[in-house]
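To start, the structure itself, in structure tokens.
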Amino acid sequence: MDENKNIINEKINRLHQLKKLSEIGGGDKRIEAQHKKHKLTARERITLLLDEGSINEIDALAHHHSTSFGLDKEIYLGDGVLVGFGNINNRKVMFYSQDFTVLGGSLAEQHGKKICKIMDMAMKIGVPIVGLNDSGGARVQEGVLSLGAYADIFLRNTLASGVVPQISVIMGPCAGGAVYSPAITDFIIMVKNTSYMFVTGPKVVKTVTHEELSSEELGGAEVHSSKSGVAHFTAENDVEAMEIVKKLLSYIPQNNAEEPPFFPNDDPTDRIDEDMNYIIPANPNQPYDIKEIVTKLADNNDFLEVHKDYAENIVVGFIRLGGRSVGVIANQPAVLAGVLDINASKKAARFVRFCDAFNIPLLVLEDVPGFMPGSDQEWNGIITNGAKLLFAFAEATVPKITVIVRKAYGGAYDVMNSKHIRGDLNYAWPTAEIAVMGAKGAVEIIFKKEIEEAEDPIAKEQELIYEYNEKFGNPYIAASWGYIDDVIEPKHTRKILIDAFNLLENKVDKNPYKKHDNIPL
């Protein structure tokens with residue numbers, strides 16, 4: 001019996017030794033180097049992200065079997081990536097976390113297989129995939145096997161899109177082919193000063209275009225959050241990045257067959273905010289911050305803004321109304337007068353389609369003077385890009401509510417979830433202006449001859465502008481045709497919206513059968 005115990009204990013000790021070996025990654029020196037760069041290790045990040053005691057690692061003992069270029073002397077258990085499952089706020093997730101201390105976190109055959117395994121599992125059971133990226137790219141020593149592993153992941157990213165939420169956190173280098181996996185996922189979070197993304201690095205750029213740029217200047221977090229729009233969120237450090245993931249997931253269902261999580265709270269559904277009545281300036285050309293309206297409407301004034309620093313003339317993000325998760329799309333008069341341009345249209349369209357894919361109701365707060373004019377916009381495709389937003393709203397079948405708070409001019413009125421493209425409930429504040437265009441432009445077209453022939457053209461124009469505003473600078477003509485369901489007092493908006501979304505809770509709207517649509521890309 002003792003001999004049997006000894007044999008078993010030897011085997012168990014062997015297991016413990018191997019597990020311990022897998023946990024140290026590339027060793028103490030490389031871990032120290034990671035910390036000196038103000039970066040946590042792959043394992044430390046997962047420990048922060050997942051609920052305590054819920055981490056279940058799989059394939060911890062997997063490793064590459066390559067012998068070329070000295071790889072047979074560089075075998076690390078885990079092969080540079082932690083994968084597994086666990087809970088975030090008591091909800092299941094599948095995860096992978098690349099370990100830069102092991103061969104620079106490089107991706108090769110076995111590394112890729114591990115990631116694909118948890119992605120396949122996530123699809124089977126219907127849970128989100130969270131990927132923590134920190135990799136030097138393809139493992140050159142394994143050649144085409146590395147490229148094939150990337151493509152295997154890309155395929156799964158594509159098949160999982162719209163089925164389970166996919167979140168990518170860039171926590172170090174992500175370059176070359178590696179960038180396309182995060183690009184397919186739903187949200188990208190980058191860490192300032194320690195992460196970067198680009199297809200070709202600074203050295204190649206210098207050789208080809210003679211531009212001298214650092215990694216940060218070419219593809220750092222601030223560049224991608226403000227200029228390219230690649231990144232949806234930026235974090236100050238690894239710890240904040242994990243907190244963003246947790247908060248983001250709290251608004252999102254586990255998969256496309258579930259409803260978003262419901263969070264009851266102590267914020268009264270019938271809360272009245274007198275200040276809401278006076279947010280809109282008396283001067284129709286004076287800017288204000290639409291985010292003030294969003295936060296006042298939200299449960300406990302909590303608003304998770306997405307793409308905060310990109311295309312700031314439109315605001316998108318998540319709030320809760322009466323405990324229910326809602327996706328908000330709001331024109332921002334404080335930036336470019338809230339006009340729709342190419343970047344704003346793409347940003348909003350992407351967000352609308354995400355919410356529709358995952359059963360998250362949509363709230364539109366509208367104050368839009370139209371589409372951005374100019375040769376730059378026309379030559380770069382404002383027509384096609386504006387159509388993306390129109391298409392996204394029109395095809396969406398989730399509950400959709402619009403509140404016109406001020407301007408709703410021209411084609412932009414149609415695009416911003418109007419009644420004509422299946423807006424379920426369309427409200428307006430008394431300050432709403434619903435017209436083909438602004439008063440001055442309309443008067444110059446309609447009354448051009450009268451103004452020219454008047455004794456005092458300026459006075460005549462002002463008189464006609466006043467008349468036009470009296471007729472169209474309000475929501476009542478649209479309401480008379482049923483294009484607006486009700487004109488509401490701003491201070492009651494929160495209660496009205498909560499009641500309306502409760503009404504639409506079991507809404508069923510279907511699109512015609514098709515293999516897939518052909519959104520104007």
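Labels used: A, B, ... for chains in the order of the structure tokens, numbers from 1 for residues in each chain, and numbers from 1 for ligands as shown.
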Listing only residues of stretch 417-502 of chain A within 12 Å of stretch 295-312 of chain A, what is the closest atom pair and its distance in Å (to one decimal) for each, using only C-alpha atoms, sorted by chain and residue number ascending, as a tab-separated table?
```
residue	atom	partner	partner_atom	distance
A:Pro490	CA	A:Leu297	CA	10.2
A:Lys491	CA	A:Leu297	CA	9.4
A:His492	CA	A:Leu297	CA	9.7
A:Thr493	CA	A:Leu297	CA	7.4
A:Arg494	CA	A:Leu297	CA	5.3
A:Lys495	CA	A:Leu297	CA	8.9
A:Ile496	CA	A:Leu297	CA	10.5
A:Leu497	CA	A:Leu297	CA	8.9
A:Ile498	CA	A:Leu297	CA	9.7
```
Since we have the selection now, will you write its residues out, keeping N, CA and C atoms, as a PDB file, in the first residue's frame?
```pdb
ATOM      1  N   PRO A 490     -39.264  67.952 -22.071  1.00  0.00           N
ATOM      2  CA  PRO A 490     -37.965  67.320 -21.839  1.00  0.00           C
ATOM      3  C   PRO A 490     -37.800  66.686 -20.461  1.00  0.00           C
ATOM      4  N   LYS A 491     -38.313  67.305 -19.420  1.00  0.00           N
ATOM      5  CA  LYS A 491     -38.076  66.791 -18.062  1.00  0.00           C
ATOM      6  C   LYS A 491     -38.719  65.425 -17.820  1.00  0.00           C
ATOM      7  N   HIS A 492     -39.689  65.053 -18.659  1.00  0.00           N
ATOM      8  CA  HIS A 492     -40.356  63.754 -18.518  1.00  0.00           C
ATOM      9  C   HIS A 492     -39.751  62.676 -19.423  1.00  0.00           C
ATOM     10  N   THR A 493     -38.677  63.000 -20.127  1.00  0.00           N
ATOM     11  CA  THR A 493     -38.144  62.092 -21.147  1.00  0.00           C
ATOM     12  C   THR A 493     -37.731  60.745 -20.565  1.00  0.00           C
ATOM     13  N   ARG A 494     -37.074  60.744 -19.418  1.00  0.00           N
ATOM     14  CA  ARG A 494     -36.596  59.479 -18.839  1.00  0.00           C
ATOM     15  C   ARG A 494     -37.749  58.499 -18.614  1.00  0.00           C
ATOM     16  N   LYS A 495     -38.797  58.934 -17.969  1.00  0.00           N
ATOM     17  CA  LYS A 495     -39.930  58.044 -17.690  1.00  0.00           C
ATOM     18  C   LYS A 495     -40.592  57.564 -18.977  1.00  0.00           C
ATOM     19  N   ILE A 496     -40.755  58.488 -19.918  1.00  0.00           N
ATOM     20  CA  ILE A 496     -41.394  58.127 -21.188  1.00  0.00           C
ATOM     21  C   ILE A 496     -40.577  57.061 -21.915  1.00  0.00           C
ATOM     22  N   LEU A 497     -39.246  57.211 -21.904  1.00  0.00           N
ATOM     23  CA  LEU A 497     -38.388  56.233 -22.575  1.00  0.00           C
ATOM     24  C   LEU A 497     -38.440  54.878 -21.882  1.00  0.00           C
ATOM     25  N   ILE A 498     -38.413  54.870 -20.567  1.00  0.00           N
ATOM     26  CA  ILE A 498     -38.470  53.593 -19.837  1.00  0.00           C
ATOM     27  C   ILE A 498     -39.788  52.886 -20.122  1.00  0.00           C
TER      28      ILE A 498
END
```
**Request:** If you run DSSP over the backbone, which residues in stretch 243-414 of chain A end up strand (DSSP E)? Put them as number ranges by chain.
**Result:** A: 304-306, 314-321, 324-331, 362-368, 400-409
Writer output for current selection, N, CA and C atoms, as a short mmCIF file (atom, residue, chain, number, x, y, z; two decimals), in the first residue's frame:
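Below is the file that was written, part04.cif:
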```
data_model
loop_
_atom_site.label_atom_id
_atom_site.label_comp_id
_atom_site.auth_asym_id
_atom_site.auth_seq_id
_atom_site.Cartn_x
_atom_site.Cartn_y
_atom_site.Cartn_z
N LEU A 304 -21.33 54.63 -20.42
CA LEU A 304 -20.08 54.06 -20.94
C LEU A 304 -19.96 54.45 -22.40
N GLU A 305 -19.14 55.47 -22.66
CA GLU A 305 -18.99 55.96 -24.03
C GLU A 305 -18.02 55.08 -24.81
N VAL A 306 -18.37 54.80 -26.05
CA VAL A 306 -17.55 54.01 -26.95
C VAL A 306 -16.97 54.95 -28.02
N ILE A 314 -20.39 62.68 -33.37
CA ILE A 314 -21.47 61.77 -32.98
C ILE A 314 -21.01 60.99 -31.76
N VAL A 315 -21.93 60.74 -30.85
CA VAL A 315 -21.63 60.08 -29.58
C VAL A 315 -22.35 58.74 -29.55
N VAL A 316 -21.62 57.67 -29.22
CA VAL A 316 -22.25 56.35 -29.08
C VAL A 316 -21.79 55.72 -27.77
N GLY A 317 -22.59 54.83 -27.23
CA GLY A 317 -22.22 54.15 -26.00
C GLY A 317 -23.41 53.50 -25.33
N PHE A 318 -23.19 53.02 -24.12
CA PHE A 318 -24.20 52.25 -23.40
C PHE A 318 -24.66 52.97 -22.13
N ILE A 319 -25.97 52.92 -21.90
CA ILE A 319 -26.55 53.35 -20.63
C ILE A 319 -27.53 52.26 -20.19
N ARG A 320 -28.08 52.45 -18.99
CA ARG A 320 -29.22 51.63 -18.58
C ARG A 320 -30.40 52.55 -18.31
N LEU A 321 -31.56 52.09 -18.72
CA LEU A 321 -32.81 52.81 -18.46
C LEU A 321 -33.74 51.85 -17.72
N ARG A 324 -32.41 48.37 -17.80
CA ARG A 324 -32.26 47.73 -19.10
C ARG A 324 -31.08 48.34 -19.88
N SER A 325 -30.27 47.49 -20.48
CA SER A 325 -29.15 47.96 -21.30
C SER A 325 -29.68 48.57 -22.60
N VAL A 326 -29.16 49.76 -22.94
CA VAL A 326 -29.60 50.48 -24.14
C VAL A 326 -28.38 51.06 -24.84
N GLY A 327 -28.34 50.94 -26.15
CA GLY A 327 -27.29 51.56 -26.95
C GLY A 327 -27.74 52.94 -27.40
N VAL A 328 -26.90 53.94 -27.17
CA VAL A 328 -27.25 55.33 -27.49
C VAL A 328 -26.44 55.82 -28.69
N ILE A 329 -27.13 56.48 -29.61
CA ILE A 329 -26.49 57.17 -30.74
C ILE A 329 -26.99 58.60 -30.71
N ALA A 330 -26.08 59.58 -30.54
CA ALA A 330 -26.51 60.96 -30.35
C ALA A 330 -25.62 61.92 -31.13
N ASN A 331 -26.23 62.79 -31.91
CA ASN A 331 -25.47 63.85 -32.59
C ASN A 331 -24.90 64.80 -31.54
N LEU A 362 -32.09 50.37 -29.10
CA LEU A 362 -31.40 51.58 -29.55
C LEU A 362 -32.18 52.84 -29.19
N LEU A 363 -31.45 53.83 -28.67
CA LEU A 363 -32.01 55.15 -28.40
C LEU A 363 -31.23 56.17 -29.21
N VAL A 364 -31.94 56.95 -30.03
CA VAL A 364 -31.32 57.98 -30.85
C VAL A 364 -31.71 59.35 -30.31
N LEU A 365 -30.73 60.17 -30.00
CA LEU A 365 -30.96 61.55 -29.60
C LEU A 365 -30.48 62.43 -30.75
N GLU A 366 -31.42 63.11 -31.39
CA GLU A 366 -31.14 63.73 -32.69
C GLU A 366 -31.06 65.24 -32.62
N ASP A 367 -29.94 65.75 -33.12
CA ASP A 367 -29.78 67.18 -33.35
C ASP A 367 -28.77 67.32 -34.47
N VAL A 368 -29.25 67.20 -35.71
CA VAL A 368 -28.35 67.08 -36.85
C VAL A 368 -28.74 68.07 -37.95
N LYS A 400 -36.36 50.42 -31.35
CA LYS A 400 -35.64 51.62 -31.79
C LYS A 400 -36.49 52.85 -31.48
N ILE A 401 -35.95 53.75 -30.68
CA ILE A 401 -36.67 54.97 -30.29
C ILE A 401 -35.81 56.18 -30.60
N THR A 402 -36.43 57.20 -31.17
CA THR A 402 -35.74 58.45 -31.49
C THR A 402 -36.38 59.61 -30.73
N VAL A 403 -35.53 60.48 -30.20
CA VAL A 403 -36.00 61.74 -29.63
C VAL A 403 -35.29 62.87 -30.37
N ILE A 404 -36.06 63.68 -31.10
CA ILE A 404 -35.48 64.84 -31.79
C ILE A 404 -35.47 65.99 -30.79
N VAL A 405 -34.27 66.41 -30.39
CA VAL A 405 -34.18 67.45 -29.37
C VAL A 405 -34.05 68.85 -29.98
N ARG A 406 -33.48 68.90 -31.20
CA ARG A 406 -33.41 70.19 -31.88
C ARG A 406 -33.47 69.95 -33.39
N LYS A 407 -32.40 70.08 -34.10
CA LYS A 407 -32.45 70.04 -35.56
C LYS A 407 -32.59 68.62 -36.12
N ALA A 408 -33.41 68.51 -37.14
CA ALA A 408 -33.52 67.28 -37.92
C ALA A 408 -33.73 67.71 -39.36
N TYR A 409 -32.62 67.97 -40.05
CA TYR A 409 -32.67 68.59 -41.36
C TYR A 409 -32.33 67.59 -42.47
#
```
**Asked** Which residue gives the smallest distance to A:Gly25 among A:Thr41, A:Thr158, A:Asn285, A:Gln332, with only C-alpha atoms counted?
**Response**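 Nearest candidate to A:Gly25 out of A:Thr41, A:Thr158, A:Asn285, A:Gln332: A:Thr41.
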**Selection near A:Lys39, 12 Å with only C-alpha atoms, sequence-local residues under 5 positions removed, as a PyMOL selection string** = chain A and resi 30-34+44-45+99-101+134+170-173+191-195+236-241
Let's have the selection written as a PDB file, in the first residue's frame, with N, CA and C atoms.
```pdb
ATOM      1  N   ARG A  30      12.801  37.518 -17.693  1.00  0.00           N
ATOM      2  CA  ARG A  30      11.875  38.066 -18.705  1.00  0.00           C
ATOM      3  C   ARG A  30      10.626  38.660 -18.051  1.00  0.00           C
ATOM      4  N   ILE A  31      10.205  38.074 -16.957  1.00  0.00           N
ATOM      5  CA  ILE A  31       9.077  38.643 -16.209  1.00  0.00           C
ATOM      6  C   ILE A  31       9.466  40.014 -15.658  1.00  0.00           C
ATOM      7  N   GLU A  32      10.692  40.102 -15.146  1.00  0.00           N
ATOM      8  CA  GLU A  32      11.187  41.386 -14.633  1.00  0.00           C
ATOM      9  C   GLU A  32      11.254  42.427 -15.744  1.00  0.00           C
ATOM     10  N   ALA A  33      11.695  41.991 -16.929  1.00  0.00           N
ATOM     11  CA  ALA A  33      11.763  42.908 -18.074  1.00  0.00           C
ATOM     12  C   ALA A  33      10.369  43.402 -18.459  1.00  0.00           C
ATOM     13  N   GLN A  34       9.387  42.521 -18.369  1.00  0.00           N
ATOM     14  CA  GLN A  34       7.996  42.895 -18.652  1.00  0.00           C
ATOM     15  C   GLN A  34       7.520  43.951 -17.663  1.00  0.00           C
ATOM     16  N   GLU A  44      -0.823  37.446 -14.696  1.00  0.00           N
ATOM     17  CA  GLU A  44      -1.277  38.511 -13.801  1.00  0.00           C
ATOM     18  C   GLU A  44      -2.502  39.215 -14.377  1.00  0.00           C
ATOM     19  N   ARG A  45      -2.529  39.392 -15.672  1.00  0.00           N
ATOM     20  CA  ARG A  45      -3.673  40.051 -16.313  1.00  0.00           C
ATOM     21  C   ARG A  45      -4.943  39.218 -16.160  1.00  0.00           C
ATOM     22  N   ASP A  99       1.647  35.524 -23.877  1.00  0.00           N
ATOM     23  CA  ASP A  99       2.729  35.709 -22.908  1.00  0.00           C
ATOM     24  C   ASP A  99       3.990  36.174 -23.628  1.00  0.00           C
ATOM     25  N   PHE A 100       4.284  37.461 -23.503  1.00  0.00           N
ATOM     26  CA  PHE A 100       5.426  38.029 -24.216  1.00  0.00           C
ATOM     27  C   PHE A 100       6.755  37.503 -23.682  1.00  0.00           C
ATOM     28  N   THR A 101       6.748  36.936 -22.476  1.00  0.00           N
ATOM     29  CA  THR A 101       8.002  36.414 -21.907  1.00  0.00           C
ATOM     30  C   THR A 101       8.432  35.109 -22.561  1.00  0.00           C
ATOM     31  N   ASP A 134      -0.466  40.369 -26.831  1.00  0.00           N
ATOM     32  CA  ASP A 134       0.848  40.907 -26.492  1.00  0.00           C
ATOM     33  C   ASP A 134       1.867  40.005 -27.178  1.00  0.00           C
ATOM     34  N   ILE A 170      -5.357  45.098 -26.572  1.00  0.00           N
ATOM     35  CA  ILE A 170      -3.998  45.169 -27.091  1.00  0.00           C
ATOM     36  C   ILE A 170      -3.115  45.697 -25.966  1.00  0.00           C
ATOM     37  N   MET A 171      -2.191  44.851 -25.491  1.00  0.00           N
ATOM     38  CA  MET A 171      -1.431  45.165 -24.286  1.00  0.00           C
ATOM     39  C   MET A 171       0.069  45.174 -24.536  1.00  0.00           C
ATOM     40  N   GLY A 172       0.437  45.207 -25.804  1.00  0.00           N
ATOM     41  CA  GLY A 172       1.834  45.212 -26.204  1.00  0.00           C
ATOM     42  C   GLY A 172       1.865  45.339 -27.716  1.00  0.00           C
ATOM     43  N   PRO A 173       2.869  44.767 -28.378  1.00  0.00           N
ATOM     44  CA  PRO A 173       2.905  44.841 -29.840  1.00  0.00           C
ATOM     45  C   PRO A 173       1.814  43.987 -30.481  1.00  0.00           C
ATOM     46  N   VAL A 191      -3.808  50.050 -24.599  1.00  0.00           N
ATOM     47  CA  VAL A 191      -3.186  50.619 -23.409  1.00  0.00           C
ATOM     48  C   VAL A 191      -2.185  51.691 -23.847  1.00  0.00           C
ATOM     49  N   LYS A 192      -2.320  52.872 -23.270  1.00  0.00           N
ATOM     50  CA  LYS A 192      -1.444  53.987 -23.641  1.00  0.00           C
ATOM     51  C   LYS A 192       0.025  53.659 -23.354  1.00  0.00           C
ATOM     52  N   ASN A 193       0.863  54.027 -24.313  1.00  0.00           N
ATOM     53  CA  ASN A 193       2.331  53.971 -24.179  1.00  0.00           C
ATOM     54  C   ASN A 193       2.939  52.578 -24.199  1.00  0.00           C
ATOM     55  N   THR A 194       2.141  51.533 -24.041  1.00  0.00           N
ATOM     56  CA  THR A 194       2.720  50.185 -24.053  1.00  0.00           C
ATOM     57  C   THR A 194       2.176  49.302 -25.173  1.00  0.00           C
ATOM     58  N   SER A 195       1.144  49.755 -25.883  1.00  0.00           N
ATOM     59  CA  SER A 195       0.584  48.933 -26.959  1.00  0.00           C
ATOM     60  C   SER A 195       0.621  49.689 -28.281  1.00  0.00           C
ATOM     61  N   GLU A 236      -5.220  53.708 -19.290  1.00  0.00           N
ATOM     62  CA  GLU A 236      -3.955  54.275 -18.818  1.00  0.00           C
ATOM     63  C   GLU A 236      -2.929  53.182 -18.538  1.00  0.00           C
ATOM     64  N   ASN A 237      -3.398  51.999 -18.148  1.00  0.00           N
ATOM     65  CA  ASN A 237      -2.492  50.904 -17.801  1.00  0.00           C
ATOM     66  C   ASN A 237      -3.242  49.580 -17.900  1.00  0.00           C
ATOM     67  N   ASP A 238      -2.530  48.479 -17.633  1.00  0.00           N
ATOM     68  CA  ASP A 238      -3.133  47.146 -17.752  1.00  0.00           C
ATOM     69  C   ASP A 238      -4.316  46.967 -16.813  1.00  0.00           C
ATOM     70  N   VAL A 239      -4.208  47.518 -15.606  1.00  0.00           N
ATOM     71  CA  VAL A 239      -5.277  47.357 -14.610  1.00  0.00           C
ATOM     72  C   VAL A 239      -6.561  48.023 -15.110  1.00  0.00           C
ATOM     73  N   GLU A 240      -6.458  49.248 -15.622  1.00  0.00           N
ATOM     74  CA  GLU A 240      -7.649  49.939 -16.126  1.00  0.00           C
ATOM     75  C   GLU A 240      -8.239  49.219 -17.330  1.00  0.00           C
ATOM     76  N   ALA A 241      -7.386  48.629 -18.168  1.00  0.00           N
ATOM     77  CA  ALA A 241      -7.876  47.884 -19.330  1.00  0.00           C
ATOM     78  C   ALA A 241      -8.783  46.737 -18.904  1.00  0.00           C
TER      79      ALA A 241
END
```
Which residues are near A:His65? Cut-off 12 Å, only C-alpha atoms, ignore same chain within fewer than 4 positions. Put them as a CSV table (one decimal) with C-alpha atoms, in the first residue's frame.
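selection.csv written:
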```csv
chain,number,residue,atom,x,y,z
A,70,GLY,CA,17.2,25.7,-32.6
A,71,LEU,CA,13.6,25.7,-31.5
A,72,ASP,CA,14.2,22.2,-30.0
A,73,LYS,CA,16.2,23.9,-27.4
A,74,GLU,CA,13.5,26.5,-26.6
A,75,ILE,CA,10.5,24.6,-25.4
A,76,TYR,CA,8.2,26.3,-23.0
A,77,LEU,CA,5.1,24.7,-21.6
A,79,ASP,CA,3.8,27.8,-25.9
A,108,ALA,CA,2.8,29.5,-34.3
A,109,GLU,CA,1.0,26.2,-34.9
A,110,GLN,CA,0.5,25.0,-31.3
A,111,HIS,CA,-0.1,28.6,-30.0
A,141,GLN,CA,11.1,29.8,-37.4
A,142,GLU,CA,7.8,27.9,-38.1
A,145,LEU,CA,2.6,27.0,-40.1
```
**Asked** Between A:Glu463, A:Asp270, A:Asp414, A:Glu450, which is the closest to A:Phe391 once you count only C-alpha atoms?
**Response**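 The answer is A:Asp414, which sits nearest to A:Phe391.
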**Item:** Nearest to A:Arg350, chosen from A:Gly386, A:Gly137, A:Gly338, A:Gly219, with only C-alpha atoms counted in the distances
**Value:**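 Of all the options, A:Gly386 lies closest to A:Arg350.
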